[in-house]
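See below for target10.txt, which holds compact mmCIF, C-alpha atoms and all ligand atoms.
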```txt
# COMPACT_ATOMS: atom_id res chain seq x y z
CA MET A 1 48.72 30.39 122.18
CA HIS A 2 47.76 34.05 122.40
CA LEU A 3 45.37 35.27 119.71
CA THR A 4 44.39 38.89 119.06
CA ALA A 5 40.71 39.83 119.11
CA LYS A 6 40.69 39.85 115.30
CA GLU A 7 42.30 36.41 115.11
CA GLU A 8 39.75 35.10 117.63
CA SER A 9 36.91 36.48 115.54
CA ILE A 10 38.22 34.70 112.43
CA LEU A 11 38.54 31.48 114.43
CA ASN A 12 34.95 31.87 115.62
CA GLY A 13 33.72 32.06 112.03
CA GLU A 14 32.80 35.76 112.07
CA GLN A 15 34.61 36.29 108.76
CA GLY A 16 33.21 33.31 106.91
CA GLU A 17 33.66 29.57 106.83
CA THR A 18 36.78 29.48 104.62
CA LYS A 19 38.76 31.81 106.84
CA GLN A 20 37.60 29.92 109.90
CA GLN A 21 38.77 26.63 108.39
CA LEU A 22 42.15 28.11 107.42
CA MET A 23 42.62 29.77 110.81
CA GLU A 24 41.94 26.39 112.45
CA ILE A 25 44.82 24.94 110.40
CA LEU A 26 47.21 27.70 111.53
CA VAL A 27 46.18 27.56 115.18
CA GLY A 28 46.38 23.75 115.16
CA ILE A 29 49.96 23.85 113.83
CA GLY A 30 50.87 26.62 116.27
CA LYS A 31 49.64 24.55 119.21
CA VAL A 32 51.50 21.41 118.08
CA PHE A 33 54.78 23.32 117.76
CA GLY A 34 54.32 25.45 120.88
CA ALA A 35 53.95 28.86 119.17
CA ASP A 36 53.13 31.72 121.57
CA GLU A 37 51.50 33.87 118.91
CA MET A 38 50.97 34.49 115.21
CA VAL A 39 53.28 36.66 113.12
CA PRO A 40 52.34 38.63 109.96
CA VAL A 41 53.98 37.31 106.78
CA ARG A 42 55.18 39.39 103.85
CA SER A 43 54.48 36.74 101.22
CA ALA A 44 53.50 33.12 100.70
CA GLN A 45 54.54 30.38 98.29
CA VAL A 46 52.00 27.61 98.05
CA SER A 47 52.76 23.97 97.22
CA GLY A 48 50.10 21.41 96.35
CA ALA A 49 49.60 22.92 92.92
CA SER A 50 50.25 19.85 90.79
CA TYR A 51 47.16 17.85 89.84
CA LYS A 52 49.39 14.77 89.94
CA THR A 53 49.91 15.35 93.69
CA ILE A 54 46.56 16.70 94.89
CA GLY A 55 44.21 14.74 92.59
CA GLU A 56 40.45 15.17 92.37
CA TRP A 57 39.92 15.49 96.12
CA GLY A 58 42.40 18.37 96.36
CA LEU A 59 40.84 20.13 93.38
CA LYS A 60 37.37 19.82 94.98
CA TRP A 61 38.65 21.22 98.28
CA LEU A 62 40.30 24.20 96.59
CA SER A 63 37.17 24.92 94.54
CA SER A 64 35.07 24.90 97.73
CA LEU A 65 37.06 27.74 99.34
CA ASP A 66 35.76 31.29 99.26
CA ALA A 67 38.38 33.85 100.26
CA HIS A 68 41.19 35.95 98.81
CA ALA A 69 44.92 36.17 99.52
CA THR A 70 45.84 39.20 101.61
CA VAL A 71 49.60 39.03 100.94
CA PRO A 72 51.49 38.44 97.66
CA ALA A 73 51.45 34.71 96.95
CA VAL A 74 52.67 32.44 94.16
CA LEU A 75 52.41 28.70 93.46
CA ASN A 76 55.03 25.99 93.43
CA PRO A 77 55.93 24.54 89.99
CA VAL A 78 53.23 22.34 88.43
CA GLY A 79 53.39 19.46 85.95
CA MET A 80 53.55 21.56 82.77
CA ASP A 81 54.05 24.97 81.21
CA ARG A 82 50.49 26.27 81.46
CA ILE A 83 50.72 27.82 77.97
CA ARG A 84 53.15 25.59 76.04
CA TRP A 85 52.00 22.26 77.50
CA GLU A 86 51.18 20.72 74.10
CA GLU A 87 54.72 21.37 72.90
CA MET A 88 55.95 19.53 76.01
CA GLY A 89 53.94 16.47 74.97
CA ILE A 90 51.59 16.61 77.97
CA ASP A 91 48.44 14.50 77.88
CA PRO A 92 45.38 16.76 77.20
CA GLY A 93 43.37 15.06 79.99
CA PHE A 94 46.09 15.87 82.54
CA ALA A 95 46.46 19.40 81.16
CA LYS A 96 42.72 20.08 81.56
CA LYS A 97 42.78 19.07 85.23
CA GLN A 98 46.02 20.95 85.88
CA LEU A 99 44.54 24.14 84.40
CA GLU A 100 41.46 23.71 86.64
CA VAL A 101 43.74 23.53 89.71
CA ILE A 102 45.61 26.67 88.64
CA SER A 103 42.38 28.54 88.02
CA ALA A 104 41.03 27.46 91.46
CA TYR A 105 44.12 29.07 92.99
CA GLU A 106 43.62 32.16 90.83
CA CYS A 107 40.12 32.55 92.28
CA LEU A 108 41.76 32.57 95.72
CA GLY A 109 43.97 35.50 94.69
CA ILE A 110 47.18 33.53 94.13
CA ARG A 111 49.32 35.02 91.36
CA LEU A 112 49.61 32.85 88.25
CA GLU A 113 53.30 32.17 88.75
CA CYS A 114 54.37 28.62 89.46
CA THR A 115 57.96 28.84 90.60
CA CYS A 116 60.45 27.74 93.23
CA THR A 117 62.20 31.13 92.95
CA PRO A 118 59.62 33.56 94.36
CA TYR A 119 62.51 35.77 95.51
CA TYR A 120 62.93 36.92 91.87
CA LEU A 121 59.30 38.14 91.84
CA ASN A 122 58.30 39.51 95.23
CA ILE A 123 60.52 41.81 97.26
CA THR A 124 61.90 39.74 100.12
CA GLU A 125 64.22 41.29 102.68
CA TYR A 126 66.33 40.48 105.70
CA GLY A 127 64.15 39.78 108.74
CA ASP A 128 60.89 39.34 106.76
CA HIS A 129 58.61 36.58 108.02
CA LEU A 130 57.32 34.38 105.18
CA ALA A 131 55.22 31.27 104.63
CA TRP A 132 56.97 29.43 101.80
CA SER A 133 56.67 25.77 100.88
CA GLU A 134 59.28 24.64 98.38
CA SER A 135 62.42 23.42 100.11
CA SER A 136 64.98 25.25 97.93
CA ALA A 137 63.02 28.49 98.16
CA VAL A 138 62.82 28.10 101.94
CA SER A 139 66.57 27.52 102.11
CA TYR A 140 67.34 30.55 99.92
CA ALA A 141 65.00 32.82 101.88
CA ASN A 142 66.42 31.79 105.25
CA SER A 143 70.08 31.51 104.33
CA VAL A 144 70.83 33.93 101.52
CA ILE A 145 68.29 36.66 102.24
CA GLY A 146 68.07 36.25 106.02
CA ALA A 147 64.26 36.15 105.93
CA ARG A 148 62.42 33.68 108.21
CA THR A 149 60.25 30.82 107.12
CA ASN A 150 59.51 27.28 108.12
CA ARG A 151 58.94 24.78 105.35
CA GLU A 152 55.17 25.05 105.00
CA GLY A 153 52.85 22.38 103.66
CA GLY A 154 50.37 23.34 100.91
CA PRO A 155 47.33 23.99 103.19
CA SER A 156 49.31 25.97 105.80
CA ALA A 157 50.96 28.17 103.14
CA LEU A 158 47.56 28.79 101.55
CA ALA A 159 46.10 29.59 104.96
CA ALA A 160 48.94 32.07 105.59
CA ALA A 161 48.40 33.65 102.16
CA ILE A 162 44.73 34.28 102.98
CA ILE A 163 44.96 35.11 106.70
CA GLY A 164 48.27 37.02 106.23
CA LYS A 165 49.85 35.36 109.27
CA THR A 166 51.62 32.21 110.37
CA PRO A 167 52.31 30.70 113.80
CA LYS A 168 55.59 31.98 115.22
CA TYR A 169 57.76 28.93 115.94
CA GLY A 170 60.77 27.12 114.47
CA LEU A 171 62.88 29.24 112.13
CA HIS A 172 60.80 32.35 112.87
CA LEU A 173 62.68 32.51 116.18
CA VAL A 174 66.32 33.68 116.24
CA GLU A 175 67.30 31.12 118.89
CA ASN A 176 66.46 28.29 116.47
CA ARG A 177 68.72 29.62 113.71
CA LYS A 178 72.09 28.84 115.25
CA PRO A 179 74.52 26.52 113.43
CA ALA A 180 74.69 22.94 114.73
CA ILE A 181 77.45 21.44 112.56
CA HIS A 182 80.61 22.94 111.06
CA ILE A 183 81.57 21.91 107.51
CA HIS A 184 84.97 23.05 106.30
CA VAL A 185 85.56 22.78 102.55
CA GLU A 186 89.16 22.15 101.49
CA ASP A 187 90.49 23.55 98.19
CA GLU A 188 87.41 25.23 96.73
CA PRO A 189 88.30 25.61 93.03
CA LYS A 190 88.56 29.19 91.75
CA GLY A 191 85.73 30.17 89.42
CA ALA A 192 83.69 26.98 90.05
CA ASP A 193 80.19 27.35 88.63
CA ALA A 194 76.89 26.75 90.43
CA SER A 195 76.89 23.03 89.63
CA TRP A 196 80.01 22.54 91.77
CA TYR A 197 78.19 24.01 94.77
CA GLY A 198 75.18 21.85 93.91
CA ALA A 199 77.43 18.80 94.09
CA LEU A 200 78.89 20.08 97.36
CA GLY A 201 75.35 20.50 98.71
CA TYR A 202 74.51 16.97 97.54
CA LEU A 203 77.26 15.64 99.85
CA ALA A 204 76.74 18.16 102.67
CA GLY A 205 72.99 17.49 102.89
CA LYS A 206 73.63 13.80 103.56
CA ILE A 207 76.03 14.73 106.37
CA SER A 208 73.87 17.47 107.90
CA GLY A 209 70.50 15.68 107.98
CA ASN A 210 68.22 18.24 109.58
CA ARG A 211 70.97 20.19 111.36
CA ILE A 212 71.92 23.77 110.42
CA PRO A 213 75.39 23.71 108.85
CA LEU A 214 77.95 26.46 109.06
CA PHE A 215 80.39 26.40 106.12
CA SER A 216 83.90 27.73 106.03
CA GLY A 217 86.43 27.66 103.20
CA ILE A 218 84.03 28.69 100.41
CA ARG A 219 83.05 32.00 98.81
CA PRO A 220 79.98 31.29 96.66
CA GLY A 221 77.92 33.97 94.87
CA ARG A 222 74.11 34.09 94.86
CA ASP A 223 73.48 31.51 92.11
CA GLN A 224 76.00 29.16 93.70
CA LEU A 225 74.31 29.56 97.10
CA LYS A 226 70.97 28.80 95.44
CA ASN A 227 72.31 25.50 94.11
CA LEU A 228 74.09 24.63 97.37
CA GLY A 229 70.95 25.12 99.48
CA ALA A 230 68.64 23.35 97.03
CA ALA A 231 70.82 20.23 97.05
CA MET A 232 71.12 20.16 100.85
CA ALA A 233 67.36 20.42 101.16
CA ALA A 234 67.06 17.41 98.83
CA THR A 235 69.64 14.98 100.22
CA GLY A 236 69.12 16.24 103.79
CA ALA A 237 66.39 18.33 105.38
CA VAL A 238 68.39 21.54 105.59
CA ALA A 239 66.14 24.62 105.64
CA LEU A 240 68.85 27.06 106.73
CA TYR A 241 72.63 27.18 106.45
CA HIS A 242 75.32 29.75 107.05
CA VAL A 243 78.53 30.50 105.17
CA GLN A 244 81.19 32.35 107.13
CA GLY A 245 81.61 35.89 105.84
CA ILE A 246 78.99 35.42 103.08
CA THR A 247 75.40 34.75 104.22
CA SER A 248 73.25 37.40 105.84
CA GLU A 249 73.22 36.13 109.40
CA ALA A 250 77.01 36.19 109.65
CA ARG A 251 76.31 39.44 111.48
CA VAL A 252 74.03 37.77 114.03
CA PHE A 253 76.04 34.71 115.03
CA SER A 254 79.62 35.02 116.14
CA TYR A 255 80.40 31.75 114.38
CA ASN A 256 82.36 30.29 117.19
CA THR A 257 82.69 26.71 115.97
CA GLU A 258 83.76 25.39 119.37
CA GLY A 259 81.54 22.57 120.54
CA LEU A 260 80.14 21.88 117.05
CA GLU A 261 80.77 18.59 115.29
CA SER A 262 83.29 19.43 112.59
CA ILE A 263 83.50 17.74 109.16
CA VAL A 264 85.88 18.35 106.27
CA ILE A 265 84.79 17.92 102.65
CA GLU A 266 87.64 17.83 100.13
CA ALA A 267 87.22 19.32 96.64
CA ASP A 268 88.16 15.88 95.21
CA GLU A 269 85.07 14.32 96.83
CA VAL A 270 82.88 16.95 95.16
CA GLU A 271 84.60 16.51 91.79
CA SER A 272 84.18 12.72 91.90
CA LEU A 273 80.44 13.27 91.28
CA PHE A 274 81.17 14.72 87.81
CA ILE A 275 81.48 11.55 85.70
CA GLY A 276 80.75 12.90 82.19
CA GLU A 277 78.63 10.04 80.78
CA GLN A 278 76.56 10.17 77.57
CA VAL A 279 72.94 11.26 78.03
CA ASP A 280 69.84 11.58 75.86
CA ALA A 281 68.53 14.92 77.21
CA ILE A 282 69.76 17.96 79.14
CA ALA A 283 67.76 19.77 81.83
CA ILE A 284 68.81 23.08 83.39
CA GLY A 285 67.03 25.29 85.89
CA CYS A 286 66.73 23.48 89.20
CA PRO A 287 66.02 25.77 91.02
CA HIS A 288 64.51 27.95 88.27
CA CYS A 289 67.11 30.04 86.41
CA SER A 290 68.01 33.54 87.50
CA PRO A 291 68.26 36.37 84.93
CA ASP A 292 72.08 35.96 85.03
CA GLU A 293 71.83 32.24 84.36
CA LEU A 294 69.58 32.84 81.32
CA MET A 295 72.05 35.43 80.05
CA ASN A 296 74.93 32.97 80.47
CA LEU A 297 72.98 30.23 78.65
CA ALA A 298 72.21 32.60 75.77
CA SER A 299 75.90 33.30 75.37
CA LEU A 300 76.92 29.62 75.65
CA LEU A 301 74.32 28.62 73.04
CA ASP A 302 75.16 31.46 70.66
CA GLY A 303 75.76 30.03 67.16
CA CYS A 304 75.08 26.44 68.22
CA THR A 305 72.29 24.06 67.21
CA VAL A 306 71.41 21.51 69.84
CA THR A 307 71.44 17.85 68.83
CA LYS A 308 69.66 16.61 71.95
CA PRO A 309 66.53 17.88 73.69
CA VAL A 310 67.46 20.75 76.04
CA TYR A 311 64.93 21.84 78.66
CA ILE A 312 65.53 25.06 80.57
CA PHE A 313 63.20 26.16 83.36
CA ALA A 314 62.55 29.60 84.85
CA ALA A 315 59.76 31.66 86.38
CA ARG A 316 57.35 33.11 83.80
CA ASP A 317 58.03 36.66 84.93
CA VAL A 318 61.82 36.16 84.65
CA ILE A 319 61.35 34.70 81.14
CA LYS A 320 59.32 37.76 80.14
CA ARG A 321 61.92 40.15 81.52
CA GLU A 322 64.77 38.28 79.81
CA ASN A 323 62.90 37.88 76.55
CA GLU A 324 65.89 38.74 74.39
CA HIS A 325 68.13 36.10 75.99
CA VAL A 326 65.32 33.56 75.86
CA ARG A 327 64.88 34.15 72.12
CA LYS A 328 68.62 33.62 71.60
CA ILE A 329 68.48 30.38 73.61
CA GLU A 330 65.50 29.09 71.64
CA ARG A 331 67.17 29.88 68.30
CA SER A 332 69.54 27.01 69.11
CA GLY A 333 66.63 24.58 69.43
CA ALA A 334 66.71 24.53 73.26
CA ARG A 335 63.40 25.29 74.98
CA VAL A 336 62.74 27.58 77.94
CA TYR A 337 59.63 26.58 79.85
CA ALA A 338 57.81 28.29 82.70
CA ASP A 339 55.64 26.95 85.56
CA THR A 340 57.27 23.51 85.74
CA CYS A 341 60.58 21.68 86.00
CA MET A 342 62.42 18.48 85.12
CA VAL A 343 61.36 16.85 88.38
CA VAL A 344 57.64 17.64 88.61
CA SER A 345 56.77 17.37 84.92
CA PRO A 346 55.94 13.96 83.41
CA ALA A 347 57.50 15.28 80.15
CA LEU A 348 60.98 14.06 81.06
CA GLU A 349 59.93 10.54 82.01
CA ARG A 350 60.57 9.42 78.40
CA TYR A 351 64.38 9.70 78.71
CA ASP A 352 66.85 7.12 80.05
CA ARG A 353 69.65 9.43 81.15
CA ILE A 354 69.50 13.17 81.77
CA MET A 355 72.36 15.61 82.32
CA VAL A 356 71.73 18.34 84.88
CA ASN A 357 73.77 21.13 86.42
CA SER A 358 72.07 20.86 89.80
CA GLY A 359 72.74 18.80 92.92
CA LYS A 360 69.03 18.74 93.72
CA ALA A 361 68.11 17.42 90.27
CA LEU A 362 70.92 14.86 90.56
CA SER A 363 69.18 13.58 93.67
CA TYR A 364 65.53 13.75 92.45
CA VAL A 365 65.60 12.89 88.74
CA PRO A 366 66.24 9.16 89.34
CA THR A 367 63.38 8.79 91.82
CA MET A 368 60.87 11.21 90.30
CA CYS A 369 61.49 10.70 86.55
CA GLY A 370 62.82 7.15 86.64
CA ALA A 371 65.86 8.26 84.59
CA GLY A 372 69.55 8.13 85.39
CA ALA A 373 71.07 11.54 86.21
CA VAL A 374 74.53 12.90 85.52
CA ILE A 375 75.80 16.21 86.84
CA GLY A 376 77.98 18.56 84.79
CA SER A 377 78.82 22.26 84.79
CA THR A 378 76.50 24.48 82.78
CA LYS A 379 79.20 24.74 80.12
CA ALA A 380 79.59 20.94 79.98
CA CYS A 381 75.79 20.56 79.67
CA ILE A 382 75.75 22.91 76.67
CA GLN A 383 78.77 21.19 75.10
CA MET A 384 76.98 17.87 75.49
CA ALA A 385 73.81 19.42 73.96
CA CYS A 386 75.69 20.73 70.93
CA THR A 387 77.84 17.67 70.22
CA PRO A 388 76.58 15.71 67.19
CA ASP A 389 75.41 12.17 68.02
CA ILE A 390 77.82 9.55 66.73
FE1 LIG B 401 62.52 23.92 91.65
FE2 LIG B 401 61.76 21.70 90.53
FE3 LIG B 401 64.21 21.95 91.32
S1 LIG B 401 60.65 22.84 92.00
S2 LIG B 401 64.14 23.33 93.03
S3 LIG B 401 63.22 23.16 89.72
S4 LIG B 401 62.96 20.17 91.60
```
If you took the structure in this file and wrote it as C-alpha cells, what would it be?
Amino acid sequence: MHLTAKEESILNGEQGETKQQLMEILVGIGKVFGADEMVPVRSAQVSGASYKTIGEWGLKWLSSLDAHATVPAVLNPVGMDRIRWEEMGIDPGFAKKQLEVISAYECLGIRLECTCTPYYLNITEYGDHLAWSESSAVSYANSVIGARTNREGGPSALAAAIIGKTPKYGLHLVENRKPAIHIHVEDEPKGADASWYGALGYLAGKISGNRIPLFSGIRPGRDQLKNLGAAMAATGAVALYHVQGITSEARVFSYNTEGLESIVIEADEVESLFIGEQVDAIAIGCPHCSPDELMNLASLLDGCTVTKPVYIFAARDVIKRENEHVRKIERSGARVYADTCMVVSPALERYDRIMVNSGKALSYVPTMCGAGAVIGSTKACIQMACTPDI
C-alpha cells in the first residue's frame, strides 16, 4: 500500500501516539482489503457511541485518545436523548455513563449530533469519499447521493475523522459499484408512502444478501429511497443499490440487465406485510425523520390527541430547524426525540407490540427491543395513535 511522506510520518509516531494508533488501524484495514492508497474523506459518521455497546473498556479507550477530528464528523444514535433522557424513563446510572461517552467524543472534535441521517447536516455530494458507519446512512450516501463509502466500524470511522483519510478499496472504487442482481417490481402503487418502500426493501434485502441490486418498475422519491435502502441493509447486507432512471449512478452504468439474475417482486407480496394489528406504542423515524416527514407528521397530528405513546426520532439539528412543526407534533402528546431511536434506546423495551412505518424497524424491533413489530403507513400509524382504546 503506497503511503505519502506525511502518512508515513503519522504511522511512525511523529504526530503523536493517538494519530499513530489510528493510522495503524487504517493501514491494517487497507492491507487486508488490498487498498493501493488512502483517499481523503469529506466527512465521517462514527458508530460505537452507545455505552450499552462499548461499555467501560470502550469509554476508557476513547478517554485515552488525544487528537482532534480534521473533517466534519457526527456520531451514530445513542441509547437516549442526551437532554430529555429523564422524560424517556432512562436509568440515571446508564445516562451518566452515556453522557461520559458523548463528552469523550466531543473532546475528540466530534460534533454533538447522534444521528443516522448525517446527510441532513453535512453537505454531501456526488463522488465524495466518506467514512460512515451506520448501514442506512451508508446506503443513502452510496445510492441516493452517489457518494462513496464502505460500511465503517466505530474505530475505523473515528480514525478517518481524525486522520481525514480512509483506505481506498471496496465501494470507493467504481468497478465495485456495478449491479449484481436485477429486481423488477410489478404494479408499484401510485402515491405509496415511504413505508411501502421500506416493506419492499425488507423483502428485497433478503433476496439480495450482499449483492448490489438494480431495481426497475419503481419511481421512489428521496424519503422512499431512504426507507428502501435502510430495510435492505437490515434484512440483507446491501450498502449500495441502483434504481433505473432515479438514483445518481444511473448515468454511470448502462444498466444492461443481461447476465444478471433477475427476480420479480409483486406489489401483493409487499402489501401482505401490512397486517394492521393492535399495538401499545407507535415509533416513527427509522431512519431519522427528514424535514418533510416532520412537516407531514405535524399536519397528520393537527387537532388530534394521541391515546398511545408515540415516539418520533430525528437529528437534533433537524428538530431545531423544524421547531414549529415539532411544537405542533408535541401538542398532540407525541414526543420528538433526538440522538436516539426505537432500536438503540432501552426506552421501548417496556412495550409488547410496536407499530412502525419502517422496514428496518420491522426487522430490528423484535430482536433489539424484544417487542413484536407491525408495519403501517405513516397515516395508519397516526390513525392508530389517535384511536381511543376500547
Ligand atoms: Fe437509524 Fe436507529 Fe433506524 S440508527 S436507521 S433510526 S435503527
Two-atom distance - atom CA of A:Leu362, atom CA of A:Ala267 (Å): 18.0 Å
Protein/DNA/RNA residues near (75.2, 22.7, 96.2), cut 12 Å, all atoms listed in the file, as a ChimeraX atom specification: /A:136,139-140,192-206,215,218,220-236,238,241,270,273,286-287,357-363,375,377
Keeping C-alpha atoms, export the residues of the selection given above as a short mmCIF file (atom, residue, chain, number, x, y, z; two decimals), in the coordinates of the input.
```cif
data_model
loop_
_atom_site.label_atom_id
_atom_site.label_comp_id
_atom_site.auth_asym_id
_atom_site.auth_seq_id
_atom_site.Cartn_x
_atom_site.Cartn_y
_atom_site.Cartn_z
CA SER A 136 64.98 25.25 97.93
CA SER A 139 66.57 27.52 102.11
CA TYR A 140 67.34 30.55 99.92
CA ALA A 192 83.69 26.98 90.05
CA ASP A 193 80.19 27.35 88.63
CA ALA A 194 76.89 26.75 90.43
CA SER A 195 76.89 23.03 89.63
CA TRP A 196 80.01 22.54 91.77
CA TYR A 197 78.19 24.01 94.77
CA GLY A 198 75.18 21.85 93.91
CA ALA A 199 77.43 18.80 94.09
CA LEU A 200 78.89 20.08 97.36
CA GLY A 201 75.35 20.50 98.71
CA TYR A 202 74.51 16.97 97.54
CA LEU A 203 77.26 15.64 99.85
CA ALA A 204 76.74 18.16 102.67
CA GLY A 205 72.99 17.49 102.89
CA LYS A 206 73.63 13.80 103.56
CA PHE A 215 80.39 26.40 106.12
CA ILE A 218 84.03 28.69 100.41
CA PRO A 220 79.98 31.29 96.66
CA GLY A 221 77.92 33.97 94.87
CA ARG A 222 74.11 34.09 94.86
CA ASP A 223 73.48 31.51 92.11
CA GLN A 224 76.00 29.16 93.70
CA LEU A 225 74.31 29.56 97.10
CA LYS A 226 70.97 28.80 95.44
CA ASN A 227 72.31 25.50 94.11
CA LEU A 228 74.09 24.63 97.37
CA GLY A 229 70.95 25.12 99.48
CA ALA A 230 68.64 23.35 97.03
CA ALA A 231 70.82 20.23 97.05
CA MET A 232 71.12 20.16 100.85
CA ALA A 233 67.36 20.42 101.16
CA ALA A 234 67.06 17.41 98.83
CA THR A 235 69.64 14.98 100.22
CA GLY A 236 69.12 16.24 103.79
CA VAL A 238 68.39 21.54 105.59
CA TYR A 241 72.63 27.18 106.45
CA VAL A 270 82.88 16.95 95.16
CA LEU A 273 80.44 13.27 91.28
CA CYS A 286 66.73 23.48 89.20
CA PRO A 287 66.02 25.77 91.02
CA ASN A 357 73.77 21.13 86.42
CA SER A 358 72.07 20.86 89.80
CA GLY A 359 72.74 18.80 92.92
CA LYS A 360 69.03 18.74 93.72
CA ALA A 361 68.11 17.42 90.27
CA LEU A 362 70.92 14.86 90.56
CA SER A 363 69.18 13.58 93.67
CA ILE A 375 75.80 16.21 86.84
CA SER A 377 78.82 22.26 84.79
#
```
Nearby residues, ligand LIG 401 (chain B), 9 Å, all atoms listed in the file, as a ChimeraX atom specification: /A:76-78,114-117,134-137,227,230-231,234,284-289,313-314,340-345,358,360-361,364-365
Protein/DNA/RNA residues near (69.1, 28.0, 108.0), cut 10 Å, all atoms listed in the file, as an mmCIF file with C-alpha atoms, keeping the file's coordinate frame:
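The resulting file, result-v1.cif, is shown below:
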```
data_model
loop_
_atom_site.group_PDB
_atom_site.id
_atom_site.type_symbol
_atom_site.label_atom_id
_atom_site.label_comp_id
_atom_site.auth_asym_id
_atom_site.auth_seq_id
_atom_site.Cartn_x
_atom_site.Cartn_y
_atom_site.Cartn_z
ATOM 1 C CA VAL A 138 62.820 28.100 101.940
ATOM 2 C CA SER A 139 66.570 27.520 102.110
ATOM 3 C CA TYR A 140 67.340 30.550 99.920
ATOM 4 C CA ALA A 141 65.000 32.820 101.880
ATOM 5 C CA ASN A 142 66.420 31.790 105.250
ATOM 6 C CA SER A 143 70.080 31.510 104.330
ATOM 7 C CA VAL A 144 70.830 33.930 101.520
ATOM 8 C CA GLY A 146 68.070 36.250 106.020
ATOM 9 C CA ALA A 147 64.260 36.150 105.930
ATOM 10 C CA ARG A 148 62.420 33.680 108.210
ATOM 11 C CA THR A 149 60.250 30.820 107.120
ATOM 12 C CA ASN A 150 59.510 27.280 108.120
ATOM 13 C CA LEU A 171 62.880 29.240 112.130
ATOM 14 C CA ASN A 176 66.460 28.290 116.470
ATOM 15 C CA ARG A 177 68.720 29.620 113.710
ATOM 16 C CA LYS A 178 72.090 28.840 115.250
ATOM 17 C CA PRO A 179 74.520 26.520 113.430
ATOM 18 C CA ASN A 210 68.220 18.240 109.580
ATOM 19 C CA ARG A 211 70.970 20.190 111.360
ATOM 20 C CA ILE A 212 71.920 23.770 110.420
ATOM 21 C CA PRO A 213 75.390 23.710 108.850
ATOM 22 C CA LEU A 214 77.950 26.460 109.060
ATOM 23 C CA GLY A 229 70.950 25.120 99.480
ATOM 24 C CA VAL A 238 68.390 21.540 105.590
ATOM 25 C CA ALA A 239 66.140 24.620 105.640
ATOM 26 C CA LEU A 240 68.850 27.060 106.730
ATOM 27 C CA TYR A 241 72.630 27.180 106.450
ATOM 28 C CA HIS A 242 75.320 29.750 107.050
ATOM 29 C CA THR A 247 75.400 34.750 104.220
ATOM 30 C CA GLU A 249 73.220 36.130 109.400
#
```
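Separating atom CA of A:Arg327 from atom CA of A:Gln45 is a distance of 28.4 Å.
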Shell of 10 Å around A:Glu261, only C-alpha atoms, local chain residues under 5 positions omitted, as a list of chain:residue names: A:Ala180, A:Ile181, A:His182, A:Ile183, A:Pro213
